[in-house]
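**Student:** Following this line is work_5.txt, made up of compact mmCIF, C-alpha atoms:
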```txt
# COMPACT_ATOMS: atom_id res chain seq x y z
CA GLY A 1 1.71 -1.31 45.37
CA GLY A 2 5.52 -1.01 45.46
CA ALA A 3 5.55 1.64 42.74
CA GLY A 4 2.92 3.58 44.70
CA ILE A 5 5.07 3.45 47.87
CA ASN A 6 8.12 4.80 46.08
CA ARG A 7 6.21 7.76 44.70
CA ALA A 8 4.73 8.80 48.04
CA SER A 9 6.41 10.29 51.11
CA PRO A 10 6.13 8.34 54.42
CA MET A 11 3.51 10.81 55.72
CA ASP A 12 1.30 10.14 52.69
CA LEU A 13 1.34 6.36 52.91
CA ILE A 14 -1.92 4.70 53.87
CA HIS A 15 -1.98 1.55 56.04
CA ILE A 16 -4.56 -0.99 54.88
CA ALA A 17 -5.93 -3.83 57.02
CA ARG A 18 -8.51 -6.55 56.40
CA ARG A 19 -10.09 -8.77 59.03
CA GLY A 20 -7.41 -7.99 61.60
CA LYS A 21 -4.47 -8.49 59.24
CA THR A 22 -2.30 -5.65 57.91
CA LEU A 23 -1.97 -5.68 54.12
CA GLY A 24 0.77 -3.07 53.91
CA LYS A 25 1.37 0.60 53.23
CA PHE A 26 0.31 2.14 49.94
CA SER A 27 0.27 5.49 48.21
CA PRO A 28 -3.11 7.23 47.75
CA GLU A 29 -2.90 6.53 44.02
CA ALA A 30 -2.29 2.82 44.62
CA VAL A 31 -5.23 2.63 47.04
CA ALA A 32 -7.56 4.37 44.57
CA GLU A 33 -6.43 2.00 41.84
CA GLY A 34 -6.88 -0.99 44.15
CA LEU A 35 -10.44 0.04 44.93
CA ALA A 36 -11.17 0.38 41.24
CA ASP A 37 -9.78 -3.00 40.21
CA GLY A 38 -11.07 -4.94 43.25
CA ARG A 39 -7.74 -5.53 45.01
CA PHE A 40 -9.05 -3.48 47.95
CA GLU A 41 -12.57 -3.58 49.34
CA PRO A 42 -14.63 -0.63 50.62
CA THR A 43 -14.84 -2.40 53.99
CA ASP A 44 -11.04 -2.64 54.36
CA LEU A 45 -9.74 -0.44 57.17
CA ALA A 46 -7.38 2.45 56.42
CA TRP A 47 -5.20 4.65 58.59
CA ARG A 48 -2.73 7.42 57.89
CA ASP A 49 -0.72 9.56 60.29
CA PRO A 50 -2.01 11.63 62.15
CA MET A 51 -5.53 10.09 62.05
CA PRO A 52 -6.83 9.12 65.53
CA ALA A 53 -8.42 5.79 64.37
CA TRP A 54 -8.88 3.35 61.53
CA VAL A 55 -11.81 3.98 59.17
CA PRO A 56 -13.32 1.91 56.34
CA LEU A 57 -11.93 2.79 52.94
CA ALA A 58 -15.43 3.78 51.87
CA GLN A 59 -15.21 6.64 54.41
CA PHE A 60 -11.54 7.50 53.86
CA GLU A 61 -11.02 11.05 52.64
CA GLY A 62 -8.20 12.26 50.46
CA LEU A 63 -8.02 9.52 47.84
CA PRO A 64 -7.49 10.81 44.31
CA SER A 65 -10.52 10.45 42.08
CA ARG A 66 -10.03 8.03 39.22
CA VAL A 67 -11.60 9.41 36.07
CA GLU A 68 -11.59 6.75 33.42
CA GLN A 69 -10.23 8.17 30.21
CA ALA A 70 -11.91 6.81 27.12
CA PRO A 71 -9.30 5.51 24.68
CA PRO A 72 -8.93 7.56 21.51
CA PRO A 73 -10.75 6.14 18.50
CA LEU A 74 -8.76 3.68 16.45
CA PRO A 75 -7.55 5.10 13.15
CA ALA A 76 -9.89 4.24 10.34
CA ARG A 77 -8.73 1.32 8.25
CA PRO A 78 -7.82 1.53 5.47
CA ALA A 79 -6.06 4.92 5.35
CA TRP A 80 -8.15 5.96 2.35
CA GLU A 81 -11.01 6.51 4.81
CA ARG A 82 -8.98 9.56 5.98
CA TRP A 83 -7.78 10.79 2.59
CA ARG A 84 -8.82 14.39 3.31
CA GLU A 85 -6.57 14.38 6.36
CA LEU A 86 -3.63 12.46 4.86
CA GLY A 87 -3.78 13.70 1.29
CA MET A 88 -5.07 11.73 -1.67
CA LEU A 89 -1.82 10.23 -2.94
CA ALA A 90 -0.41 9.46 0.52
CA ALA A 91 -3.67 7.83 1.63
CA ALA A 92 -3.87 5.75 -1.55
CA ALA A 93 -0.28 4.54 -1.23
CA GLU A 94 -0.70 3.73 2.47
CA THR A 95 -3.94 1.87 1.78
CA VAL A 96 -2.28 -0.32 -0.83
CA THR A 97 0.48 -1.10 1.67
CA GLU A 98 -2.04 -1.90 4.41
CA VAL A 99 -4.28 -4.13 2.30
CA LEU A 100 -1.35 -6.06 0.85
CA GLY A 101 0.58 -6.26 4.11
CA ARG A 102 -2.18 -6.76 6.72
CA PRO A 103 -5.30 -7.73 4.77
CA ALA A 104 -7.07 -9.62 7.57
CA GLU A 105 -6.68 -6.72 10.00
CA VAL A 106 -7.75 -4.13 7.44
CA PHE A 107 -10.89 -5.93 6.32
CA ARG A 108 -11.81 -6.90 9.89
CA ASN A 109 -11.74 -3.20 10.90
CA LEU A 110 -13.58 -1.80 7.89
CA PRO A 111 -16.03 0.89 9.03
CA PRO A 112 -19.70 0.46 8.11
CA ALA A 113 -20.43 1.13 4.46
CA VAL A 114 -22.25 4.42 3.99
CA SER A 115 -21.85 5.17 0.29
CA LEU A 116 -20.03 3.92 -2.77
CA ARG A 117 -18.10 7.10 -3.48
CA ARG A 118 -15.16 6.63 -1.12
CA PRO A 119 -14.20 3.03 -2.05
CA LEU A 120 -14.97 3.75 -5.70
CA GLY A 121 -12.61 6.72 -5.55
CA PHE A 122 -9.79 4.50 -4.29
CA PHE A 123 -10.41 1.82 -6.92
CA PHE A 124 -10.64 4.44 -9.68
CA LEU A 125 -7.45 6.29 -8.71
CA ILE A 126 -5.27 3.20 -8.28
CA GLY A 127 -6.85 1.41 -11.24
CA VAL A 128 -6.31 4.27 -13.68
CA VAL A 129 -2.72 4.97 -12.62
CA THR A 130 -1.63 1.33 -12.67
CA SER A 131 -3.42 0.67 -15.97
CA TRP A 132 -1.59 3.59 -17.56
CA VAL A 133 1.70 2.16 -16.28
CA ALA A 134 0.80 -1.27 -17.68
CA LEU A 135 -0.01 0.35 -21.03
CA GLY A 136 3.37 2.07 -20.89
CA TYR A 137 5.08 -1.29 -20.43
CA GLN A 138 3.19 -2.72 -23.40
CA TYR A 139 4.01 0.26 -25.57
CA ALA A 140 7.71 0.04 -24.68
CA ALA A 141 7.69 -3.68 -25.51
CA TYR A 142 6.03 -2.91 -28.84
CA LYS A 143 8.64 -0.29 -29.70
CA VAL A 144 11.47 -2.65 -28.82
CA ASN A 145 9.93 -5.59 -30.69
CA PRO A 146 7.11 -4.56 -33.10
CA ALA A 147 6.74 -8.17 -34.25
CA SER A 148 5.38 -9.09 -30.79
CA MET A 149 2.09 -7.37 -31.69
CA GLU A 150 2.03 -8.14 -35.39
CA GLU A 151 -1.21 -10.13 -35.15
CA ILE A 152 -2.99 -7.25 -33.45
CA ALA A 153 -1.67 -4.77 -36.01
CA LYS A 154 -3.04 -6.90 -38.87
CA ASN A 155 -6.56 -6.58 -37.44
CA LEU A 156 -6.34 -2.78 -37.28
CA PRO A 157 -6.50 -1.65 -40.91
CA MET A 158 -7.97 1.72 -39.96
CA MET A 159 -5.67 2.47 -37.01
CA SER A 160 -1.95 2.33 -36.30
CA MET A 161 -0.60 0.70 -33.14
CA ASP A 162 0.46 4.10 -31.83
CA SER A 163 -3.10 5.35 -32.24
CA LEU A 164 -4.41 2.25 -30.48
CA PHE A 165 -2.27 2.91 -27.42
CA ILE A 166 -3.32 6.57 -27.34
CA PHE A 167 -6.97 5.56 -27.69
CA SER A 168 -6.60 3.00 -24.89
CA ALA A 169 -4.97 5.55 -22.56
CA ILE A 170 -7.74 8.10 -23.18
CA PHE A 171 -10.50 5.61 -22.45
CA THR A 172 -8.79 3.96 -19.47
CA PRO A 173 -10.77 5.99 -16.87
CA ALA A 174 -14.09 4.98 -18.44
CA SER A 175 -12.90 1.37 -18.66
CA VAL A 176 -11.97 1.34 -14.97
CA LEU A 177 -15.41 2.69 -13.98
CA LEU A 178 -17.10 0.10 -16.19
CA LEU A 179 -14.98 -2.65 -14.64
CA ALA A 180 -15.94 -1.49 -11.13
CA GLY A 181 -19.63 -1.70 -11.96
CA ILE A 182 -19.45 -5.10 -13.62
CA MET A 183 -17.23 -6.67 -10.96
CA GLY A 184 -19.15 -5.21 -8.03
CA VAL A 185 -22.52 -6.35 -9.36
CA SER A 186 -21.14 -9.78 -10.30
CA ILE A 187 -19.71 -10.44 -6.85
CA TYR A 188 -22.89 -9.23 -5.17
CA GLY A 189 -25.01 -11.38 -7.47
CA ALA A 190 -22.85 -14.41 -6.77
CA LEU A 191 -23.29 -13.89 -3.04
CA ARG A 192 -27.06 -13.83 -3.49
CA ILE A 193 -26.71 -17.30 -4.99
CA PHE A 194 -24.04 -18.87 -2.77
CA TRP A 195 -24.71 -17.11 0.57
CA ARG A 196 -28.19 -17.03 2.04
CA PRO A 197 -27.96 -14.27 4.69
CA PRO A 198 -28.76 -10.99 2.90
CA LEU A 199 -25.90 -8.50 2.48
CA GLU A 200 -26.03 -4.84 1.54
CA PHE A 201 -24.54 -3.97 -1.83
CA PRO A 202 -22.44 -1.03 -0.50
CA ALA A 203 -20.77 -3.36 2.02
CA VAL A 204 -19.92 -5.91 -0.67
CA PHE A 205 -18.73 -3.23 -3.08
CA ARG A 206 -16.44 -1.74 -0.43
CA VAL A 207 -14.69 -5.09 0.03
CA PHE A 208 -14.33 -5.49 -3.73
CA ALA A 209 -13.01 -1.95 -4.25
CA TYR A 210 -10.31 -2.17 -1.60
CA ALA A 211 -9.33 -5.72 -2.57
CA TRP A 212 -9.09 -5.16 -6.32
CA GLY A 213 -7.84 -1.60 -5.96
CA ALA A 214 -4.88 -2.76 -3.90
CA ALA A 215 -4.38 -5.79 -6.14
CA SER A 216 -4.12 -3.55 -9.21
CA ALA A 217 -0.77 -2.38 -7.85
CA ALA A 218 0.52 -5.71 -9.20
CA GLN A 219 0.30 -4.14 -12.66
CA LEU A 220 3.33 -2.08 -11.69
CA VAL A 221 5.38 -5.28 -11.92
CA PRO A 222 6.77 -5.65 -15.46
CA LEU A 223 6.07 -8.78 -17.50
CA CYS A 224 4.04 -10.80 -14.94
CA GLY A 225 1.94 -8.00 -13.40
CA GLY A 226 -1.03 -8.67 -15.65
CA LEU A 227 -1.14 -12.28 -14.44
CA LEU A 228 -0.64 -11.43 -10.77
CA TYR A 229 -3.38 -8.79 -10.75
CA PRO A 230 -6.48 -11.04 -11.06
CA ILE A 231 -5.01 -13.78 -8.87
CA LEU A 232 -4.27 -11.31 -6.10
CA GLY A 233 -7.65 -9.62 -6.55
CA MET A 234 -9.56 -12.87 -6.14
CA ALA A 235 -7.49 -13.90 -3.10
CA LEU A 236 -7.99 -10.55 -1.35
CA THR A 237 -11.71 -10.52 -2.15
CA THR A 238 -12.12 -14.00 -0.68
CA LEU A 239 -10.35 -12.93 2.51
CA GLY A 240 -12.18 -9.61 2.64
CA LEU A 241 -15.64 -11.15 2.37
CA ARG A 242 -14.81 -13.52 5.22
CA GLN A 243 -13.25 -10.94 7.53
CA ALA A 244 -15.50 -7.95 6.86
CA LEU A 245 -18.88 -9.60 6.26
CA GLY A 246 -18.58 -13.05 7.85
CA VAL A 247 -19.21 -14.91 4.60
CA GLY A 248 -18.30 -18.59 4.67
CA PRO A 249 -15.07 -19.73 3.01
CA LEU A 250 -16.68 -21.61 0.11
CA ALA A 251 -19.18 -18.84 -0.64
CA SER A 252 -16.40 -16.23 -0.45
CA ALA A 253 -14.21 -18.13 -2.88
CA ALA A 254 -17.13 -18.74 -5.26
CA ALA A 255 -18.17 -15.07 -5.25
CA ALA A 256 -14.59 -13.86 -5.69
CA THR A 257 -13.92 -16.09 -8.72
CA PHE A 258 -17.36 -15.73 -10.33
CA PRO A 259 -16.58 -12.51 -12.30
CA MET A 260 -13.39 -13.98 -13.73
CA LEU A 261 -15.22 -17.15 -14.78
CA MET A 262 -17.82 -14.96 -16.50
CA CYS A 263 -15.10 -13.06 -18.36
CA LEU A 264 -13.38 -16.27 -19.38
CA GLY A 265 -16.64 -17.74 -20.61
CA GLY A 266 -17.39 -14.58 -22.57
CA LEU A 267 -13.98 -14.59 -24.22
CA LEU A 268 -14.34 -18.23 -25.19
CA ALA A 269 -17.79 -17.53 -26.64
CA VAL A 270 -16.51 -14.59 -28.71
CA GLN A 271 -13.58 -16.66 -29.94
CA ALA A 272 -15.93 -19.47 -30.97
CA LEU A 273 -18.11 -17.02 -32.92
CA LEU A 274 -15.11 -15.53 -34.72
CA VAL A 275 -13.79 -18.94 -35.67
```
Transcribe the structure of this file into structure tokens.
**Tutor:**
Amino acid sequence: GGAGINRASPMDLIHIARRGKTLGKFSPEAVAEGLADGRFEPTDLAWRDPMPAWVPLAQFEGLPSRVEQAPPPLPARPAWERWRELGMLAAAAETVTEVLGRPAEVFRNLPPAVSLRRPLGFFFLIGVVTSWVALGYQYAAYKVNPASMEEIAKNLPMMSMDSLFIFSAIFTPASVLLLAGIMGVSIYGALRIFWRPPLEFPAVFRVFAYAWGAASAAQLVPLCGGLLYPILGMALTTLGLRQALGVGPLASAAAATFPMLMCLGGLLAVQALLV
């Protein structure tokens, strides 16, 4: 009320009384706000100079109308949801920062899944770029110390190591798309086993794409990026399934680690066959 008094001239101030007791003098804006939030009642009496008598606030004329302004919509999280507005590279970089810096908030505010294209686009862009960087690190290490990849070179009688890196770079986009399909289906299938309430595949895939897409930025870290990438991806997926879809902690962890366990089992099986 005090702020309302200071903004109004003495002639504008409205005296308010309730059950024979004066409550004070208030500006028209303060009275309108008090009526809206319940501080004043429509039956309270009001008087302002030069009115001849007190009248109930419900009959008082001259109060400003309070039109409730709807708050603007919250910005879509992550920023990739607005990539047309922000620009593809800026939205991708901001999304990585958001998911890594505020993962719980980002996944909690994920908009409803409509299609696979938008999250797949984020995963594809970040995955291809960071995989190329990781290949660049490996190629530089090979050039500095060719002996570090001597075992691999021995198994490539028809191809040089330089050709192998070129071949890998060319087929990286296809590999990233294949990885998205395998991982998305694996996580969804694991949830069908470990979590009874049915979930839509697009919703699960969106969590995976933003979690593993942001986690792939770990590949930008030399030397240990390849190890950090899957660990971070599984951790973000576990958190994302809980925050975005309400999956229980054990089921989230099981679904997030299931694809990596499948890959590990497959590698061990191939190694056993070769031996």
**Student:** Just checking: using only C-alpha atoms, which residue out of A:Ile193, A:Val128, A:Leu63, A:Leu89 ends up closest to Ser27 in chain A?
**Tutor:**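 For Ser27 in chain A, the nearest of the candidates is A:Leu63.
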**Student:** Determine the nearest neighbour of Leu245 in chain A from the options A:Val133, A:Leu232, A:Leu125, A:Ala113, counting only C-alpha atoms.
**Tutor:**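 Counting only C-alpha atoms, the residue closest to Leu245 in chain A is A:Ala113.
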**Student:** To one decimal place in Å, what is the distance between CA of Tyr142 in chain A and CA of Phe123 in chain A?
**Tutor:**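 Rounded to one decimal, the two atoms are 27.8 Å apart.
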**Student:** Give me, as an MDAnalysis selection string, all polymer residues having an atom no more than 9 Å from range 44-58 of chain A, counting all atoms listed in the file and skipping those fewer than 2 positions away in the same chain.
**Tutor:** chainID A and resid 11:19 31 35 40:42 60:61
**Student:** I'd like to know which of A:Met262, A:Val144, A:Ala134, A:Met183 is closest to Cys224 in chain A, using only C-alpha atoms.
**Tutor:**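 Residue with the minimum atom-to-atom distance to Cys224 in chain A: A:Ala134.
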**Student:** With distances taken over only C-alpha atoms, which residue among A:Leu177, A:Trp212, A:Ile187, A:Leu220 lies nearest Gly136 in chain A?
**Tutor:**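 For Gly136 in chain A, the nearest of the candidates is A:Leu220.
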**Student:** Which residue out of A:Ser131, A:Ser160, A:Gln243, A:Gln59 has the minimum interatomic distance to Ala218 in chain A when only C-alpha atoms are used?
**Tutor:**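 Between A:Ser131, A:Ser160, A:Gln243, A:Gln59, the residue approaching Ala218 in chain A most closely is A:Ser131.
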**Student:** Please determine, counting only C-alpha atoms, which residue among A:Ala217, A:Leu179, A:Leu236, A:Ala269 has the shortest atom-to-atom distance to Thr257 in chain A.
**Tutor:**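 Closest to Thr257 in chain A, using only C-alpha atoms: A:Leu236.
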**Student:** Quick one: residues within 10 Å of Leu191 in chain A, only C-alpha atoms, excluding same-chain residues fewer than 2 positions away - as a count of residues only?
**Tutor:** 21
**Student:** Distance CA of Val106 in chain A-CA of Leu227 in chain A, one decimal place?
**Tutor:** 24.3 Å
**Student:** Just to confirm, what's the straight-line distance from CA of Arg206 in chain A to CA of Ala235 in chain A in Å (one decimal)?
**Tutor:**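 Interatomic distance, CA of Arg206 in chain A to CA of Ala235 in chain A: 15.3 Å.
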**Student:** Counting all atoms listed in the file, find residues at most 9 Å from (-7.3, 6.2, -5.9) (file frame) and give them as JSON, numbers by chain.
**Tutor:** {"A": [80, 88, 89, 91, 92, 93, 119, 120, 121, 122, 123, 124, 125, 126, 127, 128, 129, 213]}
**Student:** Store the residues of this selection in a file with C-alpha atoms, as an mmCIF file, in the frame of the given file.
**Tutor:**
```
data_model
loop_
_atom_site.group_PDB
_atom_site.id
_atom_site.type_symbol
_atom_site.label_atom_id
_atom_site.label_comp_id
_atom_site.auth_asym_id
_atom_site.auth_seq_id
_atom_site.Cartn_x
_atom_site.Cartn_y
_atom_site.Cartn_z
ATOM 1 C CA TRP A 80 -8.150 5.960 2.350
ATOM 2 C CA MET A 88 -5.070 11.730 -1.670
ATOM 3 C CA LEU A 89 -1.820 10.230 -2.940
ATOM 4 C CA ALA A 91 -3.670 7.830 1.630
ATOM 5 C CA ALA A 92 -3.870 5.750 -1.550
ATOM 6 C CA ALA A 93 -0.280 4.540 -1.230
ATOM 7 C CA PRO A 119 -14.200 3.030 -2.050
ATOM 8 C CA LEU A 120 -14.970 3.750 -5.700
ATOM 9 C CA GLY A 121 -12.610 6.720 -5.550
ATOM 10 C CA PHE A 122 -9.790 4.500 -4.290
ATOM 11 C CA PHE A 123 -10.410 1.820 -6.920
ATOM 12 C CA PHE A 124 -10.640 4.440 -9.680
ATOM 13 C CA LEU A 125 -7.450 6.290 -8.710
ATOM 14 C CA ILE A 126 -5.270 3.200 -8.280
ATOM 15 C CA GLY A 127 -6.850 1.410 -11.240
ATOM 16 C CA VAL A 128 -6.310 4.270 -13.680
ATOM 17 C CA VAL A 129 -2.720 4.970 -12.620
ATOM 18 C CA GLY A 213 -7.840 -1.600 -5.960
#
```
**Student:** Will you model all heavy atoms for range 198-209 of chain A and pass it back as a short mmCIF file (atom, residue, chain, number, x, y, z; two decimals), keeping the file's coordinate frame?
**Tutor:**
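selection.cif written:
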```cif
data_model
loop_
_atom_site.label_atom_id
_atom_site.label_comp_id
_atom_site.auth_asym_id
_atom_site.auth_seq_id
_atom_site.Cartn_x
_atom_site.Cartn_y
_atom_site.Cartn_z
N PRO A 198 -28.81 -12.15 3.80
CA PRO A 198 -28.76 -10.99 2.90
C PRO A 198 -27.63 -10.03 3.28
O PRO A 198 -27.37 -9.79 4.46
CB PRO A 198 -30.13 -10.33 3.09
CG PRO A 198 -30.58 -10.77 4.45
CD PRO A 198 -30.02 -12.15 4.63
N LEU A 199 -26.97 -9.48 2.29
CA LEU A 199 -25.90 -8.50 2.48
C LEU A 199 -26.23 -7.24 1.70
O LEU A 199 -26.85 -7.30 0.63
CB LEU A 199 -24.56 -9.07 2.01
CG LEU A 199 -24.03 -10.30 2.76
CD1 LEU A 199 -22.82 -10.89 2.02
CD2 LEU A 199 -23.66 -9.93 4.19
N GLU A 200 -25.81 -6.10 2.23
CA GLU A 200 -26.03 -4.84 1.54
C GLU A 200 -24.99 -4.67 0.43
O GLU A 200 -23.81 -4.97 0.61
CB GLU A 200 -25.93 -3.68 2.53
CG GLU A 200 -26.99 -3.69 3.63
CD GLU A 200 -28.38 -3.42 3.08
OE1 GLU A 200 -28.47 -2.77 2.01
OE2 GLU A 200 -29.37 -3.87 3.68
N PHE A 201 -25.45 -4.15 -0.71
CA PHE A 201 -24.54 -3.97 -1.83
C PHE A 201 -23.38 -3.03 -1.50
O PHE A 201 -22.22 -3.34 -1.88
CB PHE A 201 -25.30 -3.46 -3.05
CG PHE A 201 -24.40 -3.18 -4.23
CD1 PHE A 201 -23.86 -4.23 -4.96
CD2 PHE A 201 -24.09 -1.88 -4.61
CE1 PHE A 201 -23.02 -4.00 -6.04
CE2 PHE A 201 -23.25 -1.64 -5.68
CZ PHE A 201 -22.72 -2.69 -6.40
N PRO A 202 -23.58 -1.89 -0.81
CA PRO A 202 -22.44 -1.03 -0.50
C PRO A 202 -21.35 -1.74 0.31
O PRO A 202 -20.17 -1.48 0.12
CB PRO A 202 -23.06 0.12 0.31
CG PRO A 202 -24.47 0.18 -0.16
CD PRO A 202 -24.85 -1.25 -0.40
N ALA A 203 -21.75 -2.64 1.22
CA ALA A 203 -20.77 -3.36 2.02
C ALA A 203 -19.96 -4.31 1.16
O ALA A 203 -18.74 -4.43 1.31
CB ALA A 203 -21.46 -4.12 3.15
N VAL A 204 -20.62 -4.99 0.23
CA VAL A 204 -19.92 -5.91 -0.67
C VAL A 204 -19.01 -5.13 -1.62
O VAL A 204 -17.87 -5.52 -1.87
CB VAL A 204 -20.94 -6.75 -1.47
CG1 VAL A 204 -20.23 -7.62 -2.50
CG2 VAL A 204 -21.77 -7.62 -0.52
N PHE A 205 -19.52 -4.02 -2.13
CA PHE A 205 -18.73 -3.23 -3.08
C PHE A 205 -17.48 -2.66 -2.40
O PHE A 205 -16.42 -2.58 -3.03
CB PHE A 205 -19.58 -2.09 -3.64
CG PHE A 205 -18.87 -1.29 -4.70
CD1 PHE A 205 -18.87 -1.72 -6.01
CD2 PHE A 205 -18.20 -0.13 -4.37
CE1 PHE A 205 -18.20 -0.98 -7.00
CE2 PHE A 205 -17.53 0.61 -5.34
CZ PHE A 205 -17.53 0.18 -6.66
N ARG A 206 -17.60 -2.29 -1.14
CA ARG A 206 -16.44 -1.74 -0.43
C ARG A 206 -15.33 -2.78 -0.33
O ARG A 206 -14.15 -2.47 -0.54
CB ARG A 206 -16.85 -1.26 0.96
CG ARG A 206 -15.68 -0.82 1.83
CD ARG A 206 -16.16 -0.08 3.06
NE ARG A 206 -16.69 1.21 2.69
CZ ARG A 206 -16.82 2.23 3.53
NH1 ARG A 206 -16.47 2.10 4.79
NH2 ARG A 206 -17.32 3.38 3.13
N VAL A 207 -15.69 -4.02 -0.02
CA VAL A 207 -14.69 -5.09 0.03
C VAL A 207 -14.04 -5.26 -1.33
O VAL A 207 -12.81 -5.34 -1.46
CB VAL A 207 -15.32 -6.41 0.52
CG1 VAL A 207 -14.34 -7.56 0.36
CG2 VAL A 207 -15.76 -6.28 1.97
N PHE A 208 -14.88 -5.33 -2.38
CA PHE A 208 -14.33 -5.49 -3.73
C PHE A 208 -13.39 -4.35 -4.08
O PHE A 208 -12.29 -4.57 -4.61
CB PHE A 208 -15.47 -5.54 -4.75
CG PHE A 208 -15.07 -5.00 -6.10
CD1 PHE A 208 -14.25 -5.73 -6.94
CD2 PHE A 208 -15.50 -3.74 -6.51
CE1 PHE A 208 -13.85 -5.23 -8.17
CE2 PHE A 208 -15.11 -3.23 -7.73
CZ PHE A 208 -14.29 -3.98 -8.57
N ALA A 209 -13.80 -3.11 -3.82
CA ALA A 209 -13.01 -1.95 -4.25
C ALA A 209 -11.65 -1.91 -3.58
O ALA A 209 -10.63 -1.63 -4.23
CB ALA A 209 -13.79 -0.66 -3.95
#
```
